[in-house]
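Novice: The file below is structure24.cif, mmCIF, C-alpha atoms:
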```cif
data_my_file
#
loop_
_atom_site.label_atom_id
_atom_site.label_comp_id
_atom_site.auth_asym_id
_atom_site.auth_seq_id
_atom_site.Cartn_x
_atom_site.Cartn_y
_atom_site.Cartn_z
CA MET A 1 0.00 0.00 0.00
CA TYR A 2 1.22 3.49 -0.83
CA LYS A 3 1.31 6.30 1.71
CA LEU A 4 2.22 9.88 0.91
CA ILE A 5 4.95 11.45 3.05
CA ARG A 6 5.16 15.09 4.06
CA ASP A 7 8.58 16.66 4.59
CA VAL A 8 8.90 17.98 8.13
CA ILE A 9 10.92 21.03 7.06
CA THR A 10 9.09 22.18 3.95
CA GLY A 11 5.67 20.73 4.63
CA GLU A 12 5.60 19.57 1.01
CA VAL A 13 4.41 16.12 -0.05
CA ASN A 14 6.93 14.81 -2.57
CA VAL A 15 7.76 11.30 -1.39
CA VAL A 16 5.60 8.18 -1.28
CA ASN A 17 6.29 5.06 0.77
CA LYS A 18 5.24 1.59 -0.36
CA GLN A 19 4.96 -1.06 2.35
CA GLU A 20 4.87 -4.76 1.38
CA GLY A 21 5.18 -7.01 4.41
CA ASN A 22 8.32 -5.93 6.23
CA ARG A 23 9.78 -4.33 3.09
CA LEU A 24 9.45 -0.59 2.67
CA LEU A 25 10.27 1.32 -0.48
CA SER A 26 10.64 5.05 0.09
CA ILE A 27 10.18 6.63 -3.33
CA PRO A 28 11.11 10.16 -4.42
CA PHE A 29 9.00 11.99 -6.99
CA ASP A 30 11.60 11.65 -9.76
CA PRO A 31 10.15 10.98 -13.23
CA ALA A 32 13.15 8.76 -14.09
CA ASN A 33 12.68 6.56 -11.00
CA THR A 34 10.92 3.36 -12.11
CA ASP A 35 9.32 2.88 -8.66
CA TYR A 36 7.77 6.33 -9.10
CA GLN A 37 6.68 5.41 -12.64
CA GLU A 38 5.01 2.30 -11.21
CA TYR A 39 3.27 4.46 -8.60
CA LEU A 40 1.96 6.82 -11.31
CA LYS A 41 0.66 3.82 -13.23
CA TRP A 42 -1.08 2.60 -10.06
CA LEU A 43 -2.65 6.03 -9.63
CA ALA A 44 -3.79 6.05 -13.26
CA GLU A 45 -5.62 2.78 -12.62
CA GLY A 46 -7.84 4.71 -10.22
CA ASN A 47 -6.17 3.86 -6.94
CA THR A 48 -5.70 6.30 -4.06
CA PRO A 49 -2.76 6.37 -1.62
CA GLU A 50 -3.08 6.94 2.09
CA PRO A 51 -2.85 10.68 2.77
CA ALA A 52 0.21 12.24 4.33
CA ASP A 53 0.30 12.90 8.05
CA GLU A 54 0.04 16.52 9.10
CA VAL A 55 3.27 18.04 10.41
CA MET B 1 64.48 -7.66 -28.03
CA SER B 2 63.49 -5.54 -31.01
CA GLU B 3 61.80 -2.21 -31.33
CA LEU B 4 59.25 -1.48 -34.06
CA ASN B 5 58.77 2.13 -35.13
CA VAL B 6 56.21 2.57 -37.91
CA ASN B 7 53.55 5.08 -38.85
CA ALA B 8 50.86 2.56 -39.77
CA ILE B 9 50.15 -1.16 -39.80
CA THR B 10 47.90 -2.38 -42.59
CA ASP B 11 47.06 -5.76 -44.06
CA ALA B 12 48.84 -7.12 -47.13
CA SER B 13 46.55 -5.27 -49.52
CA GLY B 14 46.91 -1.99 -47.68
CA GLY B 15 43.53 -2.38 -46.00
CA ASN B 16 42.51 -2.14 -42.37
CA THR B 17 41.90 -5.77 -41.45
CA THR B 18 45.31 -6.56 -39.98
CA GLN B 19 44.97 -8.91 -37.05
CA ILE B 20 46.88 -8.95 -33.78
CA ASN B 21 46.65 -12.23 -31.92
CA GLY B 22 43.68 -13.19 -34.06
CA ALA B 23 41.65 -10.02 -33.54
CA THR B 24 41.29 -6.98 -35.73
CA PRO B 25 41.58 -3.85 -33.58
CA THR B 26 38.61 -1.56 -34.18
CA ASN B 27 36.85 1.13 -32.22
CA ASP B 28 34.22 -1.45 -31.37
CA ASN B 29 36.41 -4.05 -29.73
CA LEU B 30 38.42 -1.95 -27.34
CA MET B 31 37.53 -1.53 -23.67
CA GLY B 32 33.92 -0.69 -23.02
CA ARG B 33 32.59 -2.81 -25.86
CA ASN B 34 30.41 -5.06 -23.67
CA ARG B 35 27.15 -3.24 -23.02
CA ILE B 36 25.96 -5.96 -20.65
CA ILE B 37 26.84 -5.20 -17.02
CA ASN B 38 27.83 -8.06 -14.72
CA GLY B 39 27.90 -10.50 -17.62
CA ALA B 40 30.15 -12.82 -15.60
CA MET B 41 27.50 -12.92 -12.83
CA GLU B 42 30.04 -12.07 -10.12
CA ILE B 43 28.19 -9.19 -8.44
CA ALA B 44 25.28 -10.13 -6.16
CA GLN B 45 24.76 -7.19 -3.81
CA ARG B 46 21.33 -8.44 -2.70
CA GLY B 47 22.86 -11.72 -1.53
CA THR B 48 23.35 -15.18 -2.96
CA SER B 49 20.18 -16.86 -1.71
CA ALA B 50 17.84 -18.22 -4.35
CA VAL B 51 15.03 -15.88 -5.42
CA SER B 52 11.59 -17.00 -6.54
CA THR B 53 9.71 -13.71 -6.84
CA SER B 54 9.24 -12.62 -10.43
CA ALA B 55 11.22 -9.52 -11.43
CA SER B 56 13.70 -9.93 -8.56
CA PHE B 57 17.48 -9.90 -9.04
CA PRO B 58 19.41 -13.13 -8.32
CA VAL B 59 22.57 -11.24 -9.36
CA ASP B 60 23.00 -7.56 -10.13
CA ARG B 61 21.41 -6.23 -13.33
CA PHE B 62 19.75 -9.56 -14.28
CA ASN B 63 16.03 -9.96 -13.61
CA PHE B 64 14.50 -13.36 -12.89
CA TYR B 65 10.97 -13.91 -14.24
CA GLU B 66 8.61 -16.75 -13.42
CA ASP B 67 5.01 -16.01 -14.21
CA VAL B 68 3.93 -19.42 -15.49
CA THR B 69 0.69 -20.59 -13.90
CA SER B 70 1.21 -23.67 -11.69
CA ALA B 71 4.99 -23.62 -12.18
CA THR B 72 7.70 -22.76 -9.66
CA ALA B 73 11.30 -21.79 -10.21
CA THR B 74 14.26 -20.06 -8.62
CA GLY B 75 17.16 -17.95 -9.79
CA GLN B 76 20.52 -17.94 -8.02
CA GLN B 77 24.19 -17.15 -8.40
CA SER B 78 26.19 -20.34 -8.95
CA THR B 79 29.84 -21.35 -8.83
CA ASP B 80 29.30 -23.77 -11.72
CA ALA B 81 31.04 -22.00 -14.59
CA PRO B 82 33.09 -22.75 -17.72
CA ALA B 83 36.87 -22.35 -17.72
CA GLY B 84 37.85 -18.74 -17.21
CA PHE B 85 34.75 -17.82 -15.25
CA LYS B 86 34.05 -17.90 -11.54
CA ASN B 87 30.27 -17.66 -11.48
CA SER B 88 27.10 -18.21 -13.45
CA LEU B 89 23.41 -17.59 -12.96
CA VAL B 90 21.28 -20.72 -12.64
CA TYR B 91 17.55 -20.93 -13.34
CA THR B 92 16.07 -23.99 -11.67
CA VAL B 93 12.56 -25.21 -12.35
CA GLY B 94 10.77 -26.68 -9.35
CA THR B 95 7.39 -27.76 -10.58
CA GLY B 96 7.24 -27.55 -14.34
CA ALA B 97 4.27 -26.36 -16.39
CA SER B 98 3.76 -25.21 -19.95
CA PRO B 99 3.35 -21.45 -20.21
CA GLY B 100 -0.13 -20.12 -20.87
CA ALA B 101 -0.57 -17.61 -23.66
CA ALA B 102 0.24 -14.56 -21.51
CA ASN B 103 2.76 -16.26 -19.19
CA TYR B 104 6.49 -15.67 -19.29
CA ALA B 105 9.58 -17.09 -17.64
CA GLY B 106 13.18 -16.21 -18.23
CA ILE B 107 16.15 -14.00 -17.49
CA GLN B 108 16.45 -10.41 -18.66
CA GLN B 109 18.83 -7.48 -18.59
CA ARG B 110 17.67 -3.98 -19.47
CA ILE B 111 20.46 -1.84 -20.92
CA GLU B 112 20.42 1.90 -20.35
CA GLY B 113 19.93 4.04 -23.45
CA TYR B 114 23.19 5.92 -22.95
CA ASN B 115 25.05 2.63 -23.30
CA ILE B 116 23.72 1.79 -26.77
CA ALA B 117 23.38 5.31 -28.16
CA ASP B 118 26.16 4.62 -30.66
CA PHE B 119 24.26 1.62 -32.10
CA GLY B 120 22.15 4.11 -34.08
CA PHE B 121 18.98 2.05 -33.85
CA GLY B 122 15.97 3.68 -35.46
CA THR B 123 18.16 5.26 -38.16
CA SER B 124 19.58 4.15 -41.48
CA ASP B 125 22.96 3.93 -39.75
CA ALA B 126 21.86 1.19 -37.33
CA LYS B 127 24.81 -1.04 -36.47
CA THR B 128 24.97 -4.78 -36.55
CA PHE B 129 25.41 -6.16 -33.05
CA THR B 130 26.37 -9.47 -31.49
CA LEU B 131 25.22 -11.30 -28.36
CA SER B 132 27.53 -14.00 -27.05
CA PHE B 133 27.29 -16.16 -23.94
CA TRP B 134 28.06 -19.47 -22.30
CA VAL B 135 25.07 -21.67 -21.52
CA LYS B 136 24.50 -25.08 -19.96
CA SER B 137 21.09 -26.72 -19.79
CA SER B 138 19.52 -30.00 -18.77
CA VAL B 139 17.10 -29.56 -21.66
CA THR B 140 18.32 -29.57 -25.27
CA GLY B 141 16.66 -27.91 -28.23
CA THR B 142 16.24 -24.54 -29.89
CA PHE B 143 15.79 -21.70 -27.43
CA GLY B 144 14.84 -18.08 -28.01
CA VAL B 145 16.35 -14.80 -26.90
CA GLY B 146 14.44 -11.58 -27.50
CA PHE B 147 15.52 -7.97 -27.94
CA ARG B 148 13.14 -5.04 -27.44
CA ASN B 149 13.28 -1.28 -27.32
CA GLY B 150 12.35 0.48 -24.09
CA SER B 151 8.73 1.12 -24.96
CA GLY B 152 8.16 -2.41 -26.24
CA THR B 153 7.18 -1.33 -29.74
CA ARG B 154 10.04 -3.01 -31.61
CA SER B 155 11.21 -6.59 -31.12
CA TYR B 156 13.53 -9.19 -32.57
CA ILE B 157 13.66 -12.87 -31.64
CA ALA B 158 16.83 -14.83 -32.24
CA SER B 159 17.38 -18.52 -31.65
CA TYR B 160 20.22 -20.68 -30.44
CA THR B 161 20.53 -24.42 -30.06
CA ILE B 162 21.63 -26.37 -27.01
CA ASN B 163 23.10 -29.54 -28.42
CA SER B 164 24.08 -31.57 -25.36
CA THR B 165 22.58 -31.85 -21.90
CA ASN B 166 24.48 -30.42 -18.94
CA THR B 167 27.43 -29.27 -21.03
CA TRP B 168 28.80 -25.73 -21.24
CA GLU B 169 28.36 -24.44 -24.81
CA TYR B 170 29.41 -21.07 -26.25
CA LYS B 171 26.84 -19.24 -28.40
CA THR B 172 27.23 -16.24 -30.68
CA ILE B 173 24.31 -14.48 -32.37
CA THR B 174 24.86 -11.58 -34.81
CA ILE B 175 21.90 -9.39 -35.74
CA ALA B 176 21.45 -6.46 -38.12
CA GLY B 177 20.41 -3.38 -36.15
CA ASP B 178 16.86 -2.03 -36.37
CA THR B 179 16.48 0.91 -38.74
CA SER B 180 12.92 1.60 -37.58
CA GLY B 181 11.14 2.60 -34.40
CA THR B 182 12.09 4.84 -31.51
CA TRP B 183 15.12 3.80 -29.50
CA LEU B 184 15.86 5.89 -26.43
CA ASN B 185 19.45 6.98 -25.82
CA ASP B 186 19.10 8.55 -22.38
CA THR B 187 18.70 7.16 -18.85
CA SER B 188 15.69 5.09 -19.91
CA THR B 189 15.85 1.52 -21.18
CA GLY B 190 17.64 1.49 -24.53
CA ILE B 191 17.33 -2.22 -25.26
CA SER B 192 16.37 -5.27 -23.24
CA CYS B 193 17.67 -8.77 -23.76
CA PHE B 194 15.31 -11.56 -22.60
CA PHE B 195 16.33 -15.23 -22.51
CA ASP B 196 13.11 -17.17 -23.15
CA LEU B 197 12.70 -20.05 -20.70
CA GLY B 198 8.93 -20.14 -20.88
CA VAL B 199 7.26 -17.36 -22.86
CA GLY B 200 3.67 -17.91 -23.98
CA SER B 201 2.19 -17.36 -27.42
CA THR B 202 0.98 -13.79 -26.76
CA TYR B 203 4.57 -12.57 -26.56
CA SER B 204 6.12 -15.01 -29.03
CA THR B 205 6.95 -14.94 -32.70
CA THR B 206 9.26 -16.53 -35.23
CA ALA B 207 12.97 -15.73 -35.28
CA GLY B 208 14.94 -13.61 -37.65
CA SER B 209 13.34 -10.21 -38.25
CA TRP B 210 12.52 -6.95 -36.50
CA GLN B 211 8.83 -6.66 -35.80
CA ALA B 212 6.41 -4.21 -34.22
CA GLY B 213 5.19 -4.99 -30.72
CA SER B 214 6.51 -6.38 -27.44
CA LEU B 215 7.73 -9.87 -28.32
CA PHE B 216 10.38 -11.81 -26.44
CA GLY B 217 9.61 -15.50 -26.89
CA LEU B 218 10.31 -17.97 -29.68
CA THR B 219 7.30 -19.64 -31.25
CA GLY B 220 7.89 -23.37 -31.13
CA GLY B 221 11.05 -22.97 -29.08
CA ALA B 222 12.16 -25.07 -26.13
CA LYS B 223 10.45 -23.97 -22.90
CA LEU B 224 12.52 -24.92 -19.87
CA SER B 225 9.68 -24.03 -17.51
CA SER B 226 7.75 -27.05 -18.77
CA THR B 227 10.19 -29.55 -17.28
CA SER B 228 10.19 -30.20 -13.53
CA GLY B 229 13.67 -30.09 -12.07
CA ALA B 230 15.25 -28.61 -15.20
CA THR B 231 18.29 -26.34 -14.87
CA TRP B 232 19.71 -23.65 -17.16
CA TYR B 233 22.98 -21.85 -16.44
CA ILE B 234 24.37 -18.77 -18.14
CA THR B 235 27.50 -16.63 -17.87
CA GLY B 236 29.92 -14.64 -20.00
CA VAL B 237 27.09 -12.60 -21.49
CA GLN B 238 28.31 -9.94 -23.90
CA LEU B 239 26.40 -7.61 -26.21
CA GLU B 240 28.55 -5.48 -28.49
CA ALA B 241 28.52 -3.56 -31.73
CA GLY B 242 29.77 -5.45 -34.76
CA VAL B 243 30.90 -9.05 -34.74
CA GLY B 244 31.53 -11.03 -31.58
CA THR B 245 34.79 -10.83 -29.68
CA SER B 246 36.09 -12.58 -26.61
CA PHE B 247 34.50 -11.68 -23.28
CA GLU B 248 35.62 -8.28 -22.04
CA ARG B 249 37.28 -8.65 -18.65
CA ARG B 250 36.70 -5.88 -16.16
CA LEU B 251 38.19 -5.71 -12.69
CA TYR B 252 35.80 -6.57 -9.86
CA PRO B 253 35.67 -3.00 -8.47
CA GLN B 254 34.98 -1.67 -11.98
CA GLU B 255 32.09 -4.09 -12.46
CA LEU B 256 30.76 -3.29 -8.97
CA ALA B 257 30.84 0.43 -9.75
CA LEU B 258 28.88 -0.17 -12.96
CA CYS B 259 26.28 -2.10 -10.96
CA GLN B 260 26.09 0.64 -8.32
CA ARG B 261 24.66 3.05 -10.86
CA TYR B 262 21.49 0.96 -10.46
CA TYR B 263 21.68 -0.47 -6.94
CA GLN B 264 23.80 0.27 -3.89
CA LEU B 265 23.75 -1.85 -0.77
CA ILE B 266 24.32 0.39 2.26
CA ALA B 267 23.81 -1.90 5.25
CA SER B 268 22.78 -5.51 5.88
CA GLY B 269 22.67 -7.12 9.33
CA SER B 270 23.53 -5.43 12.60
CA PRO B 271 25.20 -3.30 13.73
CA LYS B 272 26.09 -1.64 10.41
CA THR B 273 26.62 2.05 9.84
CA ILE B 274 24.31 4.06 7.60
CA CYS B 275 25.08 7.78 8.00
CA ASN B 276 25.51 10.68 10.38
CA VAL B 277 22.43 12.70 11.23
CA ALA B 278 21.40 15.77 13.20
CA TYR B 279 18.34 16.34 15.36
CA TYR B 280 16.49 18.98 13.36
CA SER B 281 14.03 19.01 16.23
CA ALA B 282 13.27 16.80 19.20
CA SER B 283 11.15 14.63 16.92
CA ALA B 284 12.99 14.62 13.59
CA ILE B 285 16.43 13.54 12.41
CA TYR B 286 18.01 14.38 9.04
CA GLY B 287 21.20 13.02 7.51
CA ASN B 288 22.78 12.70 4.11
CA LEU B 289 25.00 10.20 2.39
CA PRO B 290 27.26 11.12 -0.57
CA LEU B 291 27.28 8.23 -3.04
CA PRO B 292 30.43 6.66 -4.51
CA VAL B 293 28.77 6.35 -7.93
CA GLU B 294 26.18 8.63 -9.52
CA MET B 295 22.98 6.65 -9.83
CA ARG B 296 20.78 6.45 -12.91
CA SER B 297 17.90 8.31 -11.23
CA VAL B 298 17.24 9.73 -7.80
CA PRO B 299 17.09 6.41 -5.93
CA SER B 300 14.42 4.86 -3.77
CA ILE B 301 15.36 3.52 -0.35
CA ASP B 302 14.74 -0.22 -0.31
CA GLN B 303 14.68 -1.42 3.31
CA THR B 304 13.32 -3.91 5.75
CA THR B 305 11.30 -2.48 8.61
CA GLY B 306 10.42 -3.64 12.08
CA THR B 307 10.37 -2.49 15.67
CA SER B 308 13.71 -0.81 16.51
CA TYR B 309 15.40 -2.03 13.31
CA TYR B 310 17.40 1.23 13.32
CA VAL B 311 18.98 3.36 16.04
CA SER B 312 20.29 6.91 16.30
CA TYR B 313 23.04 7.34 18.90
CA SER B 314 23.57 10.73 20.52
CA ALA B 315 24.87 11.83 23.91
CA ALA B 316 25.44 8.19 24.91
CA THR B 317 21.78 7.38 24.30
CA GLY B 318 20.10 5.22 21.69
CA ASP B 319 16.96 6.52 20.00
CA PHE B 320 15.30 3.55 18.33
CA PHE B 321 13.07 3.70 15.25
CA ASN B 322 11.66 1.46 12.51
CA SER B 323 12.48 2.94 9.12
CA LEU B 324 14.03 5.77 7.14
CA THR B 325 12.39 7.93 4.50
CA VAL B 326 14.10 9.41 1.46
CA GLY B 327 14.30 13.19 1.55
CA SER B 328 13.01 15.06 -1.46
CA PRO B 329 16.26 17.08 -1.85
CA SER B 330 18.04 13.82 -2.66
CA THR B 331 19.90 13.71 -5.95
CA LYS B 332 21.60 11.05 -8.03
CA ARG B 333 24.84 11.83 -6.18
CA ALA B 334 23.71 12.14 -2.54
CA VAL B 335 20.76 10.85 -0.60
CA GLU B 336 19.00 12.52 2.29
CA PHE B 337 17.53 10.27 4.96
CA TYR B 338 15.04 11.36 7.58
CA ASN B 339 12.58 10.16 10.15
CA GLY B 340 10.02 12.59 11.50
CA THR B 341 7.54 10.23 13.13
CA GLU B 342 9.38 7.89 15.50
CA ILE B 343 12.12 10.09 16.96
CA SER B 344 12.55 11.36 20.51
CA GLY B 345 15.78 13.22 21.19
CA THR B 346 17.36 16.60 21.81
CA SER B 347 17.08 19.23 19.10
CA GLY B 348 20.50 20.27 17.80
CA ASN B 349 22.32 17.12 18.77
CA ALA B 350 24.60 15.35 16.33
CA ALA B 351 24.11 11.60 16.02
CA PHE B 352 24.93 8.57 13.91
CA VAL B 353 22.52 5.96 12.59
CA ARG B 354 23.12 2.22 12.59
CA THR B 355 21.09 -0.87 11.90
CA ASN B 356 19.87 -2.53 15.10
CA ASN B 357 18.49 -5.88 14.00
CA ALA B 358 20.04 -8.87 12.26
CA ASN B 359 17.25 -8.66 9.66
CA ALA B 360 17.76 -4.96 8.99
CA TYR B 361 18.64 -4.22 5.37
CA LEU B 362 18.92 -0.91 3.59
CA ALA B 363 19.85 -0.23 -0.02
CA LEU B 364 19.32 2.37 -2.72
CA THR B 365 17.73 1.39 -6.01
CA ALA B 366 17.57 3.14 -9.36
CA GLU B 367 16.97 0.08 -11.53
CA LEU B 368 15.52 0.28 -15.02
#
```
Mind turning this structure into structure tokens?
Specialist:
Amino acid sequence: MYKLIRDVITGEVNVVNKQEGNRLLSIPFDPANTDYQEYLKWLAEGNTPEPADEV
Amino acid sequence: MSELNVNAITDASGGNTTQINGATPTNDNLMGRNRIINGAMEIAQRGTSAVSTSASFPVDRFNFYEDVTSATATGQQSTDAPAGFKNSLVYTVGTGASPGAANYAGIQQRIEGYNIADFGFGTSDAKTFTLSFWVKSSVTGTFGVGFRNGSGTRSYIASYTINSTNTWEYKTITIAGDTSGTWLNDTSTGISCFFDLGVGSTYSTTAGSWQAGSLFGLTGGAKLSSTSGATWYITGVQLEAGVGTSFERRLYPQELALCQRYYQLIASGSPKTICNVAYYSASAIYGNLPLPVEMRSVPSIDQTTGTSYYVSYSAATGDFFNSLTVGSPSTKRAVEFYNGTEISGTSGNAAFVRTNNANAYLALTAEL
């Protein structure tokens, strides 16, 4: 499951974490990152990530 | 001892095919000619245990695929290798089953576009290229190996024959480059090379010509995945412009550095160091790690998580937490780590972060 992450300093949401069992992928919003490309594809399929926590 | 001082060495007719120790020196067969990374299967940063999850990496840069319904298989680094090699990659079928139409099983390497830019694919200047490798299989027959562009709109299937069971055989396949289609020459996938061990009909075609579509299996070819207990080993994989040459040897640290553009293991087991950090506040730590090799993209952090898997030491006190998040200012050359949800310390303190569990594992990934 994907969960958006808010940066403590900037307050911006530009990272998404993907938890699968005890494995966690922490994914930056970089268009060349294939984990991020996979996340965008997942979004395009109509899925919604967990929202980011408030700072 | 003699000394030779000449301005040029040509063949007997004045041409440029003079050989030295059996090889004709050209721009294509000097160092850097092998576009496959880790072709000798020596680098296995993720470990040497067998993998069974499709798309995982039994050795660096080589994906294992097993998507055949009702079949099982593993991929693993092996020490069974032909003379001159130390390692191979072995694909072992557990329970065999014939691939359904949309199933696929095999081994693949995606090559970054920068590394085949000179091939000129998609233009009238497309170069001929050669794939060579050592292979050993418990199943004989005609196997397929597929080449595709990054978007999967152009494909070529080649075939090779395994003549004898459980015997190392050397194969060389030379193919005219594709003059059509769009072939990326940047940080995206330039070309992928897929060894068909069980590709279904949806993705299969006949050998010998460039075709539109995403095709990587050989119609009518041998399908290893169908045979329970079958094994298929490969090493010495080389893809180069022009005709085939002997396997290009690179020093271990050179090959490791090439692999680290796509994956960098930082820490495995405990206690292992990760990076220095500072307490930005009482509830947030930030640290950064300069990377020894620039990665292909800004990397993801690939880690195991669990209660107190990681610890931040400061002022003789351990501050335990479960995971690290990648900071958005991270680049391809340095990664920022932070945790802003599980931290309890003193704002302004300096600290260092270690793993704190034998199962803790943290790496950076920028795979294609």
Novice: Near B:Ser246, counting all atoms listed in the file, which residues have an atom at most 10 Å away, once you skip same-chain residues fewer than 5 positions from it, shown as a tab-separated table (two decimals) with C-alpha atoms, in the coordinates of the input?
Specialist:
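Okay, this is what ended up in result.tsv:
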```tsv
chain	number	residue	atom	x	y	z
B	23	ALA	CA	41.65	-10.02	-33.54
B	29	ASN	CA	36.41	-4.05	-29.73
B	34	ASN	CA	30.41	-5.06	-23.67
B	132	SER	CA	27.53	-14.00	-27.05
B	133	PHE	CA	27.29	-16.16	-23.94
B	236	GLY	CA	29.92	-14.64	-20.00
B	238	GLN	CA	28.31	-9.94	-23.90
```
Novice: Expand the PyMOL selection byres ((chain B and resi 48-55) around 7) into the explicit residue set it covers here, and present it as a list in words.
Specialist: Ala44, Gly47, Ser56, Phe57, Pro58, Asn63, Phe64, Tyr65, Glu66, Asp67, Ala73, Thr74, Gly75, Gln76 and Gln77 of chain B
Novice: For this file, the PyMOL selection byres ((chain B and resi 159) around 7) selects which residues, as a list in words?
Specialist: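 For this structure, the PyMOL selection byres ((chain B and resi 159) around 7) captures Thr142, Phe143, Gly144, Val145, Ile157, Ala158, Tyr160, Thr161 and Ala207 of chain B.
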Novice: Show me, as a Markdown table, the residues of chain B having an atom within 8 Å of chain A, each with the closest atom pair and its distance in Å, using all atoms listed in the file.
Specialist:
```
| residue | atom | partner | partner_atom | distance |
| --- | --- | --- | --- | --- |
| B:Thr187 | CA | A:Ala32 | CA | 7.5 |
| B:Ser188 | CA | A:Ala32 | CA | 7.3 |
| B:Ala284 | CA | A:Val8 | CA | 7.6 |
| B:Ser297 | CA | A:Asn33 | CA | 5.5 |
| B:Val298 | CA | A:Asp30 | CA | 6.3 |
| B:Pro299 | CA | A:Asn33 | CA | 6.7 |
| B:Ser300 | CA | A:Ile27 | CA | 4.6 |
| B:Ile301 | CA | A:Ser26 | CA | 5.0 |
| B:Asp302 | CA | A:Leu25 | CA | 4.7 |
| B:Gln303 | CA | A:Leu24 | CA | 5.3 |
| B:Thr304 | CA | A:Arg23 | CA | 4.4 |
| B:Thr305 | CA | A:Asn22 | CA | 5.1 |
| B:Gly306 | CA | A:Asn22 | CA | 6.6 |
| B:Ser323 | CA | A:Leu24 | CA | 8.0 |
| B:Leu324 | CA | A:Ser26 | CA | 7.9 |
| B:Thr325 | CA | A:Ser26 | CA | 5.6 |
| B:Val326 | CA | A:Ser26 | CA | 5.7 |
| B:Gly327 | CA | A:Asp7 | CA | 7.3 |
| B:Ser328 | CA | A:Pro28 | CA | 6.0 |
| B:Gly340 | CA | A:Val8 | CA | 6.5 |
| B:Ala366 | CA | A:Asn33 | CA | 6.2 |
| B:Glu367 | CA | A:Thr34 | CA | 6.9 |
| B:Leu368 | CA | A:Thr34 | CA | 6.3 |
```
Novice: Between atom CA of B:Val135 and atom CA of B:Thr172, what is the spacing in Å?
Specialist: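 Computing the Euclidean distance for atom CA of B:Thr172 and atom CA of B:Val135 yields 10.9 Å.
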Novice: Quick one: residues within 8 Å of B:Tyr156, only C-alpha atoms, excluding same-chain residues fewer than 2 positions away - as a list in words?
Specialist: Gly146, Phe147, Arg148, Arg154, Ala158, Ala207, Gly208, Ser209, Trp210, Gln211, Leu215 and Phe216 of chain B
Novice: Give me the result of the PyMOL selection byres ((chain B and resi 96-111) around 8) on this file, residue by residue, as number ranges by chain.
Specialist: B: 35-36, 61-72, 93-95, 112-113, 115-116, 189-203, 223, 225-229, 368
Novice: Write the residues you've just listed into a file as a PDB file, in the coordinates of the input, and include C-alpha atoms for each of them.
Specialist:
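Written out: again_7.pdb:
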```
ATOM      1  CA  ARG B  35      27.150  -3.240 -23.020  1.00  0.00           C
ATOM      2  CA  ILE B  36      25.960  -5.960 -20.650  1.00  0.00           C
ATOM      3  CA  ARG B  61      21.410  -6.230 -13.330  1.00  0.00           C
ATOM      4  CA  PHE B  62      19.750  -9.560 -14.280  1.00  0.00           C
ATOM      5  CA  ASN B  63      16.030  -9.960 -13.610  1.00  0.00           C
ATOM      6  CA  PHE B  64      14.500 -13.360 -12.890  1.00  0.00           C
ATOM      7  CA  TYR B  65      10.970 -13.910 -14.240  1.00  0.00           C
ATOM      8  CA  GLU B  66       8.610 -16.750 -13.420  1.00  0.00           C
ATOM      9  CA  ASP B  67       5.010 -16.010 -14.210  1.00  0.00           C
ATOM     10  CA  VAL B  68       3.930 -19.420 -15.490  1.00  0.00           C
ATOM     11  CA  THR B  69       0.690 -20.590 -13.900  1.00  0.00           C
ATOM     12  CA  SER B  70       1.210 -23.670 -11.690  1.00  0.00           C
ATOM     13  CA  ALA B  71       4.990 -23.620 -12.180  1.00  0.00           C
ATOM     14  CA  THR B  72       7.700 -22.760  -9.660  1.00  0.00           C
ATOM     15  CA  VAL B  93      12.560 -25.210 -12.350  1.00  0.00           C
ATOM     16  CA  GLY B  94      10.770 -26.680  -9.350  1.00  0.00           C
ATOM     17  CA  THR B  95       7.390 -27.760 -10.580  1.00  0.00           C
ATOM     18  CA  GLU B 112      20.420   1.900 -20.350  1.00  0.00           C
ATOM     19  CA  GLY B 113      19.930   4.040 -23.450  1.00  0.00           C
ATOM     20  CA  ASN B 115      25.050   2.630 -23.300  1.00  0.00           C
ATOM     21  CA  ILE B 116      23.720   1.790 -26.770  1.00  0.00           C
ATOM     22  CA  THR B 189      15.850   1.520 -21.180  1.00  0.00           C
ATOM     23  CA  GLY B 190      17.640   1.490 -24.530  1.00  0.00           C
ATOM     24  CA  ILE B 191      17.330  -2.220 -25.260  1.00  0.00           C
ATOM     25  CA  SER B 192      16.370  -5.270 -23.240  1.00  0.00           C
ATOM     26  CA  CYS B 193      17.670  -8.770 -23.760  1.00  0.00           C
ATOM     27  CA  PHE B 194      15.310 -11.560 -22.600  1.00  0.00           C
ATOM     28  CA  PHE B 195      16.330 -15.230 -22.510  1.00  0.00           C
ATOM     29  CA  ASP B 196      13.110 -17.170 -23.150  1.00  0.00           C
ATOM     30  CA  LEU B 197      12.700 -20.050 -20.700  1.00  0.00           C
ATOM     31  CA  GLY B 198       8.930 -20.140 -20.880  1.00  0.00           C
ATOM     32  CA  VAL B 199       7.260 -17.360 -22.860  1.00  0.00           C
ATOM     33  CA  GLY B 200       3.670 -17.910 -23.980  1.00  0.00           C
ATOM     34  CA  SER B 201       2.190 -17.360 -27.420  1.00  0.00           C
ATOM     35  CA  THR B 202       0.980 -13.790 -26.760  1.00  0.00           C
ATOM     36  CA  TYR B 203       4.570 -12.570 -26.560  1.00  0.00           C
ATOM     37  CA  LYS B 223      10.450 -23.970 -22.900  1.00  0.00           C
ATOM     38  CA  SER B 225       9.680 -24.030 -17.510  1.00  0.00           C
ATOM     39  CA  SER B 226       7.750 -27.050 -18.770  1.00  0.00           C
ATOM     40  CA  THR B 227      10.190 -29.550 -17.280  1.00  0.00           C
ATOM     41  CA  SER B 228      10.190 -30.200 -13.530  1.00  0.00           C
ATOM     42  CA  GLY B 229      13.670 -30.090 -12.070  1.00  0.00           C
ATOM     43  CA  LEU B 368      15.520   0.280 -15.020  1.00  0.00           C
TER      44      LEU B 368
END
```
